[in-house]
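To start, the structure under review is shown below, and the notes come after it.
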Amino acid sequence: MITRTSLPPTDRTSCLALTEKADAMAEIRLRDIHKRFGRFQLFRGFSLGCPDHAYLCLLGPSGCGKTTLMRIIAGLAAPDAGDVLIGGRRVNDLLPAIRNVGLAFQNYALYPHLSVAGNLAFPLRAPVRRAHYNEADIRAAVKRIAALLKIDSLLDRHVNQLSGGQQQRVALGRALIHDPQVLLLDEPVTHLDARLRYEMRAEIKLLHDRIGTTTIHVTHDQREALAMGDLIAVMREGELEQIGTPLKLYDTPATAFIAGFVGDPPMSLLHARLATDGSRPALHIGASSLPLAAELSAQARTAKSPDVLLGLRPQQVTLVEPERGDVVAAVYSHEMVGREQQLLVSMAADTIRCRMKQPIQVVAGTKVGLNLSLVGAKLFDAISGKSLADLH
């Protein structure tokens, strides 16, 4: 492996030249990645692809391996086995500085003793790039990136004179100033307040649409991923659960985990049992039996066990009087979201979300009836969590 101590300056320069002359294509491929931390095996043959110019969100809960994966792509961490390819070139043995990757972190990592201009220029003055840029080039690059990010009026200010949103723009500018093939963003808007977070999401996406840099954005916020990603890769415990467009993940989640994680609010998951009422397939939920239409009947035939999870969006659940409902539940909590009322009701060990366009007066513990629409509902294996539609 190439290291800083083993790589002479002349070789660093030649490697940089190779990187800069590489094909402009910047598809990212992770192939059969393995990574262990002591006795803990995080990745066991993890593979993922991000197309050229795409904006891919790596989405998952804390500890699932998102940031470690980003560090492996950047060269800040090495896989125990497997290949990292950028633009079709294996980069495992290249130093981070010569992978032509830009990084922006959630804590900004700006130098407080430097001005905005100094922070932006810093990557171009680094030893590995210094020979390729004179001071006139650096000043021009700083002006260009500052204008792009609308921070050209802040160039003489220091970090402690900037708002959180301004600091994030400087961090993005520093990541982009050397025209990287790949941009890696690690929770870039997490520390901003709600209003700034909303604004920066729009600005970052607009910036990507303008410059087209292949981007991987790490986040635990499914709203952020749905709003920003061309593609979303959902991770869980070091494994890839599903990759697809935001609409694909919302409409056809591959697992119960994704169904209960993606969406605002996410799907409700009810424990149910497949059965037959006469000659017709049915779904037993508690003491109730619901007939299955053709689509769900076909999925039910692929089930390895009669125990399943039924996935329902809030719009598929209607509140009625207890005696008129398919099932009976008790109100657990409720809140107003704009003009809509969202209710969380409980039934045995399950909780169900529903929306009321016309708010009603309820208190915790109130008994309500629920009519469940199975049109567009999803069935998942109760043990593996996999969608029965994928087994069909």
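Here's how to read the names in the structure tokens: chain A, B, ... by the order shown, residue numbers from 1 in each chain, ligand numbers from 1 in the order shown.
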
Original post:
Contacts of Glu224 (chain A) at 12 Å or less, counting only C-alpha atoms, minus same-chain residues fewer than 6 places along, as a list of chain:residue names?
Top reply: A:Leu56, A:Cys57, A:Leu58, A:Leu59, A:Gly60, A:Glu187, A:Pro188, A:Val189, A:Thr190, A:Ala194, A:Arg197, A:Tyr198, A:Glu199, A:Met200, A:Arg201, A:Ala202, A:Ile204, A:Lys205, A:His217, A:Val218, A:Asp230, A:Ile232, A:Pro246, A:Val262, A:Gly263, A:Asp264

**OP:** Find the residues around Ala97 (chain A) up to 9 Å (only C-alpha atoms counted), leave out those fewer than 4 positions away in its own chain, and share them as a VMD selection string.
**Re:** chain A and resid 16 74 to 75 101 128 to 129

**OP:** For region 109-126 of chain A, work out the shell of residues within 6 Å, counting only C-alpha atoms and skipping chain neighbours fewer than 5 positions away, then give it as a ChimeraX atom specification.
**Re:** /A:155-159,174

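Nearest residue to Arg139 (chain A) among A:Ala104, A:Asp251, A:Ile177, A:Ile72 is A:Ile177, counting only C-alpha atoms.
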